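Taking it in order: structure first as structure tokens, then the write-up.
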Amino acid sequence: MGEQGSSGSSKSGKAAKKVTPAKKAVAAEKAVPVAKTAPVKKIAAKPPAGESRTALVRRARRINRELAEVYPYAHPELDFENPFQLLVATVLSAQTTDLRVNQTTPALFAKYPTPEDLAAANPEEVEEILRPCGFFRAKTRSVIGLSKALAEDFGGEVPGRLEDLVKLPGVGRKTAFVVLGNAFGRPGITVDTHFQRLVRRWQWTDETDPDKIEAAVGALFPKSDWTDLSHHVIWHGRRICHARKPACGACPIAPLCPAYGEGETDPEKAKKLLKYEKGGFPGQRLKPPQAYLDAGGRPAPPLGAG
């Protein structure tokens, strides 16, 4: 999904954990699981020097548990009401922010609420709506193309199988797993730029290919954890464990992180690096889940708002 912030922490991590108390969110978007997704060839994660495979699995799962306490309301940050909207929004989120997509899609879905509507759309009119998302001509071709494929090949419905989703224009494994995990409730790992960066920092794997990262990390966790794991890691990457200036001194999992010290370790200086709700900024969604609002999160402003 769209590129945004990220970070890390130290022994003050336990205090950071208590700053965000909230009830575990029950993802409203999840539907009843159906068929299994196509398996990826399993790749054993390569533990860092001196760490056994068993120790790696335990450390990785503890990190996920810690992040679940910090982000109990973690959810997909794209607004959507059905699988079609999530599919289109995820395609649009390439090389832009989820916030910008959320500010743009209301006008798109108001005018073209179904795949059939978007398939028959005038490309120039769609381009004008999508202009704020960047690369609007290519994205227009993708969303109109995938809408035509849905209308012609799938009866206007988003398929619930990985092998069908990846055949749609502009849809790769990452996009497919976002849709499967959050619209259909089927486990999947979303390997975006944040996920790739963090799992390598944590030495869960040294793979660089997204498919191999997906397989290596997936082997460390039960399949039932995959979708929530993706949310936890991505949220941490956007808010604390940033690419250039990770906030190590404000990170709740610092004691578990082999890369601790790559960023700012002073707690007060690290706090200034925090992004999104931890830094007083609104979240990315115009219509976030109630659990996020109950935890003190704020909706994002609509397009054009001050």
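Ligands are numbered from 1 in the order shown, residues from 1 within each chain, and chains are lettered A, B, ... in the order they appear in the structure tokens.
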
Hey, what's within 6 Å of segment 285-289 of chain A if we count only C-alpha atoms and toss same-chain stuff fewer than 6 positions away? As a compact mmCIF listing (two decimals) with N, CA, C and O atoms, in the first residue's frame, please?
# COMPACT_ATOMS: atom_id res chain seq x y z
N GLU A 77 -5.68 0.50 5.99
CA GLU A 77 -5.88 1.94 6.03
C GLU A 77 -6.48 2.50 4.73
O GLU A 77 -6.40 3.69 4.47
N ASP A 79 -10.09 3.03 2.82
CA ASP A 79 -11.54 2.99 3.01
C ASP A 79 -12.16 2.09 1.96
O ASP A 79 -11.85 2.19 0.78
N PRO A 299 -10.33 10.50 12.39
CA PRO A 299 -10.47 10.30 10.95
C PRO A 299 -9.60 11.30 10.19
O PRO A 299 -9.29 12.38 10.69
N ALA A 300 -9.22 10.92 8.99
CA ALA A 300 -8.46 11.82 8.12
C ALA A 300 -9.39 12.87 7.53
O ALA A 300 -10.60 12.65 7.43

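For the choices A:Val178, A:Leu220, A:Ala183, A:Ala89, the atom-to-atom distance to Cys133 of chain A is smallest for A:Ala89 when using only C-alpha atoms.
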
Requested in this report: Could you give me, as an MDAnalysis selection string, the residues within 10 Å of Ala149 of chain A, counting only C-alpha atoms and dropping anything in the same chain fewer than 2 positions from it?
Outcome: chainID A and resid 115:116 119 143:147 151:158 167:169

Report task. Have a look at A:Gly170, A:Gly237, A:Gly297, A:Pro76 and name the one nearest to Thr140 of chain A; count only C-alpha atoms. Result -> A:Gly170

Quick one: residues within 12 Å of Gly304 of chain A, only C-alpha atoms counted, chain neighbours fewer than 4 positions away excluded, as a CSV table (one decimal) with N, CA and C atoms, in the first residue's frame?
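Okay, part-v1.csv is ready:
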chain,number,residue,atom,x,y,z
A,100,ARG,N,-4.3,9.8,0.5
A,100,ARG,CA,-4.6,10.4,-0.8
A,100,ARG,C,-5.6,9.6,-1.6
A,103,GLN,N,-9.0,10.0,0.0
A,103,GLN,CA,-9.6,11.3,-0.3
A,103,GLN,C,-10.1,11.3,-1.8
A,104,THR,N,-9.7,10.4,-2.6
A,104,THR,CA,-10.0,10.4,-4.0
A,104,THR,C,-11.1,9.5,-4.4
A,132,PRO,N,-5.3,13.3,-8.5
A,132,PRO,CA,-4.6,13.5,-7.3
A,132,PRO,C,-3.7,12.3,-6.8
A,300,ALA,N,-9.2,10.9,9.0
A,300,ALA,CA,-8.5,11.8,8.1
A,300,ALA,C,-9.4,12.9,7.5

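You will find atom CA of Leu273 of chain A at 24.5 Å from atom CA of Arg62 of chain A.
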
Query raised in the report: In segment 211-284 of chain A, what's helix (DSSP H, G or I) per DSSP? Answer as a PyMOL selection string?
Result: chain A and resi 211-218+223-239+248-250+254-256+267-271+276-279

The selected residues should be written to file as a CSV table (one decimal), in the first residue's frame (atoms: C-alpha atoms).
chain,number,residue,atom,x,y,z
A,211,ASP,CA,7.7,-13.7,-2.9
A,212,LYS,CA,10.6,-15.2,-1.0
A,213,ILE,CA,10.1,-12.8,1.9
A,214,GLU,CA,6.4,-13.8,2.0
A,215,ALA,CA,7.3,-17.5,2.1
A,216,ALA,CA,10.1,-17.1,4.7
A,217,VAL,CA,8.1,-15.0,7.1
A,218,GLY,CA,5.0,-17.1,6.6
A,223,LYS,CA,-1.4,-19.2,8.8
A,224,SER,CA,-4.2,-17.7,11.0
A,225,ASP,CA,-1.8,-14.9,12.1
A,226,TRP,CA,-0.7,-13.8,8.6
A,227,THR,CA,-3.3,-11.0,8.0
A,228,ASP,CA,-3.0,-9.4,11.4
A,229,LEU,CA,0.7,-9.8,11.4
A,230,SER,CA,0.8,-7.8,8.1
A,231,HIS,CA,-1.2,-5.0,9.7
A,232,HIS,CA,1.0,-4.9,12.9
A,233,VAL,CA,4.2,-4.7,10.9
A,234,ILE,CA,3.0,-2.1,8.4
A,235,TRP,CA,1.6,0.1,11.1
A,236,HIS,CA,4.8,-0.1,13.1
A,237,GLY,CA,6.8,0.7,9.9
A,238,ARG,CA,4.6,3.8,9.2
A,239,ARG,CA,4.6,5.1,12.7
A,248,CYS,CA,14.5,3.5,18.4
A,249,GLY,CA,14.2,5.3,21.7
A,250,ALA,CA,10.4,5.2,21.5
A,254,ALA,CA,13.6,-2.4,21.1
A,255,PRO,CA,14.8,-5.2,23.4
A,256,LEU,CA,13.9,-7.8,20.7
A,267,PRO,CA,13.7,8.8,24.2
A,268,GLU,CA,12.7,12.5,24.0
A,269,LYS,CA,14.3,13.0,20.6
A,270,ALA,CA,12.8,9.7,19.4
A,271,LYS,CA,9.3,10.9,20.4
A,276,TYR,CA,0.3,9.4,12.8
A,277,GLU,CA,-1.8,9.1,15.8
A,278,LYS,CA,1.2,8.7,18.2
A,279,GLY,CA,2.4,12.1,17.0

Query raised in the report: Could you name the residues that touch Val191 of chain A at 8 Å or less, counting only C-alpha atoms, but leaving out those on the same chain fewer than 2 positions away, as a PyMOL selection string?
Result: chain A and resi 174+189+193-196+210+213-214+230

Any chance you could export the current selection's all heavy atoms as a PDB file, in the first residue's frame?
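out.pdb, written as the output of this step:
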ATOM      1  N   LYS A 174       0.767  -8.926  -3.802  1.00  0.00           N
ATOM      2  CA  LYS A 174       0.564  -8.035  -2.656  1.00  0.00           C
ATOM      3  C   LYS A 174      -0.877  -7.521  -2.636  1.00  0.00           C
ATOM      4  O   LYS A 174      -1.567  -7.598  -1.615  1.00  0.00           O
ATOM      5  CB  LYS A 174       1.536  -6.856  -2.714  1.00  0.00           C
ATOM      6  CG  LYS A 174       1.419  -5.914  -1.515  1.00  0.00           C
ATOM      7  CD  LYS A 174       2.297  -4.692  -1.667  1.00  0.00           C
ATOM      8  CE  LYS A 174       1.655  -3.678  -2.597  1.00  0.00           C
ATOM      9  NZ  LYS A 174       2.360  -2.378  -2.611  1.00  0.00           N
ATOM     10  N   ILE A 189      -0.096 -12.669   3.595  1.00  0.00           N
ATOM     11  CA  ILE A 189       0.930 -11.734   4.048  1.00  0.00           C
ATOM     12  C   ILE A 189       1.113 -10.658   2.990  1.00  0.00           C
ATOM     13  O   ILE A 189       1.339 -10.963   1.814  1.00  0.00           O
ATOM     14  CB  ILE A 189       2.263 -12.462   4.309  1.00  0.00           C
ATOM     15  CG1 ILE A 189       2.103 -13.409   5.504  1.00  0.00           C
ATOM     16  CG2 ILE A 189       3.389 -11.470   4.560  1.00  0.00           C
ATOM     17  CD1 ILE A 189       3.345 -14.218   5.807  1.00  0.00           C
ATOM     18  N   THR A 193       6.627  -2.156   1.136  1.00  0.00           N
ATOM     19  CA  THR A 193       7.976  -1.667   1.431  1.00  0.00           C
ATOM     20  C   THR A 193       8.263  -1.650   2.940  1.00  0.00           C
ATOM     21  O   THR A 193       9.391  -1.903   3.365  1.00  0.00           O
ATOM     22  CB  THR A 193       8.181  -0.260   0.857  1.00  0.00           C
ATOM     23  OG1 THR A 193       7.140   0.606   1.339  1.00  0.00           O
ATOM     24  CG2 THR A 193       8.133  -0.278  -0.659  1.00  0.00           C
ATOM     25  N   HIS A 194       7.255  -1.317   3.746  1.00  0.00           N
ATOM     26  CA  HIS A 194       7.446  -1.302   5.195  1.00  0.00           C
ATOM     27  C   HIS A 194       7.728  -2.714   5.706  1.00  0.00           C
ATOM     28  O   HIS A 194       8.643  -2.927   6.500  1.00  0.00           O
ATOM     29  CB  HIS A 194       6.194  -0.753   5.891  1.00  0.00           C
ATOM     30  CG  HIS A 194       5.830   0.627   5.464  1.00  0.00           C
ATOM     31  ND1 HIS A 194       6.592   1.728   5.768  1.00  0.00           N
ATOM     32  CD2 HIS A 194       4.784   1.085   4.737  1.00  0.00           C
ATOM     33  CE1 HIS A 194       6.021   2.806   5.253  1.00  0.00           C
ATOM     34  NE2 HIS A 194       4.924   2.436   4.622  1.00  0.00           N
ATOM     35  N   PHE A 195       6.923  -3.654   5.255  1.00  0.00           N
ATOM     36  CA  PHE A 195       7.072  -5.041   5.694  1.00  0.00           C
ATOM     37  C   PHE A 195       8.461  -5.564   5.328  1.00  0.00           C
ATOM     38  O   PHE A 195       9.141  -6.180   6.156  1.00  0.00           O
ATOM     39  CB  PHE A 195       5.985  -5.904   5.041  1.00  0.00           C
ATOM     40  CG  PHE A 195       5.820  -7.256   5.670  1.00  0.00           C
ATOM     41  CD1 PHE A 195       4.862  -7.474   6.642  1.00  0.00           C
ATOM     42  CD2 PHE A 195       6.630  -8.326   5.294  1.00  0.00           C
ATOM     43  CE1 PHE A 195       4.702  -8.725   7.227  1.00  0.00           C
ATOM     44  CE2 PHE A 195       6.481  -9.572   5.868  1.00  0.00           C
ATOM     45  CZ  PHE A 195       5.518  -9.776   6.846  1.00  0.00           C
ATOM     46  N   GLN A 196       8.892  -5.316   4.105  1.00  0.00           N
ATOM     47  CA  GLN A 196      10.211  -5.777   3.675  1.00  0.00           C
ATOM     48  C   GLN A 196      11.310  -5.199   4.558  1.00  0.00           C
ATOM     49  O   GLN A 196      12.224  -5.911   4.990  1.00  0.00           O
ATOM     50  CB  GLN A 196      10.461  -5.365   2.218  1.00  0.00           C
ATOM     51  CG  GLN A 196       9.568  -6.064   1.213  1.00  0.00           C
ATOM     52  CD  GLN A 196       9.889  -5.653  -0.202  1.00  0.00           C
ATOM     53  OE1 GLN A 196      11.037  -5.660  -0.620  1.00  0.00           O
ATOM     54  NE2 GLN A 196       8.862  -5.287  -0.974  1.00  0.00           N
ATOM     55  N   PRO A 210      10.150 -10.143  -2.867  1.00  0.00           N
ATOM     56  CA  PRO A 210       8.909 -10.141  -2.086  1.00  0.00           C
ATOM     57  C   PRO A 210       8.275 -11.521  -1.925  1.00  0.00           C
ATOM     58  O   PRO A 210       7.795 -11.858  -0.837  1.00  0.00           O
ATOM     59  CB  PRO A 210       7.996  -9.198  -2.882  1.00  0.00           C
ATOM     60  CG  PRO A 210       8.942  -8.256  -3.563  1.00  0.00           C
ATOM     61  CD  PRO A 210      10.128  -9.098  -3.925  1.00  0.00           C
ATOM     62  N   ILE A 213      10.300 -13.395   0.598  1.00  0.00           N
ATOM     63  CA  ILE A 213      10.062 -12.838   1.937  1.00  0.00           C
ATOM     64  C   ILE A 213       8.740 -13.359   2.477  1.00  0.00           C
ATOM     65  O   ILE A 213       8.636 -13.784   3.631  1.00  0.00           O
ATOM     66  CB  ILE A 213      10.051 -11.295   1.886  1.00  0.00           C
ATOM     67  CG1 ILE A 213      11.452 -10.760   1.589  1.00  0.00           C
ATOM     68  CG2 ILE A 213       9.522 -10.710   3.195  1.00  0.00           C
ATOM     69  CD1 ILE A 213      11.506  -9.264   1.358  1.00  0.00           C
ATOM     70  N   GLU A 214       7.727 -13.336   1.630  1.00  0.00           N
ATOM     71  CA  GLU A 214       6.396 -13.839   2.010  1.00  0.00           C
ATOM     72  C   GLU A 214       6.481 -15.281   2.512  1.00  0.00           C
ATOM     73  O   GLU A 214       5.921 -15.638   3.554  1.00  0.00           O
ATOM     74  CB  GLU A 214       5.465 -13.750   0.809  1.00  0.00           C
ATOM     75  CG  GLU A 214       4.095 -14.350   1.012  1.00  0.00           C
ATOM     76  CD  GLU A 214       3.384 -14.577  -0.305  1.00  0.00           C
ATOM     77  OE1 GLU A 214       3.570 -13.783  -1.250  1.00  0.00           O
ATOM     78  OE2 GLU A 214       2.631 -15.572  -0.399  1.00  0.00           O
ATOM     79  N   SER A 230       0.547  -8.774   9.161  1.00  0.00           N
ATOM     80  CA  SER A 230       0.822  -7.771   8.134  1.00  0.00           C
ATOM     81  C   SER A 230       0.430  -6.381   8.621  1.00  0.00           C
ATOM     82  O   SER A 230       1.183  -5.410   8.456  1.00  0.00           O
ATOM     83  CB  SER A 230       0.069  -8.102   6.843  1.00  0.00           C
ATOM     84  OG  SER A 230       0.458  -9.357   6.335  1.00  0.00           O
TER      85      SER A 230
END

Report task. Find the residues near Gly134 of chain A: any atom within 9 Å, counting only C-alpha atoms, skip ones fewer than 3 places away on the same chain, and give them as a PyMOL selection string. Result -> chain A and resi 92+95-96+130-131+137+139

Can those selected residues be exported to a file as a short mmCIF file (atom, residue, chain, number, x, y, z; two decimals), in the first residue's frame so that it contains C-alpha atoms?
data_model
loop_
_atom_site.label_atom_id
_atom_site.label_comp_id
_atom_site.auth_asym_id
_atom_site.auth_seq_id
_atom_site.Cartn_x
_atom_site.Cartn_y
_atom_site.Cartn_z
CA LEU A 92 -4.60 3.10 -6.79
CA GLN A 95 3.35 5.04 -5.25
CA THR A 96 1.05 7.31 -3.27
CA LEU A 130 -7.73 10.04 -10.25
CA ARG A 131 -5.33 12.90 -11.00
CA ARG A 137 -3.28 7.63 -16.76
CA LYS A 139 -3.99 3.80 -12.96
#
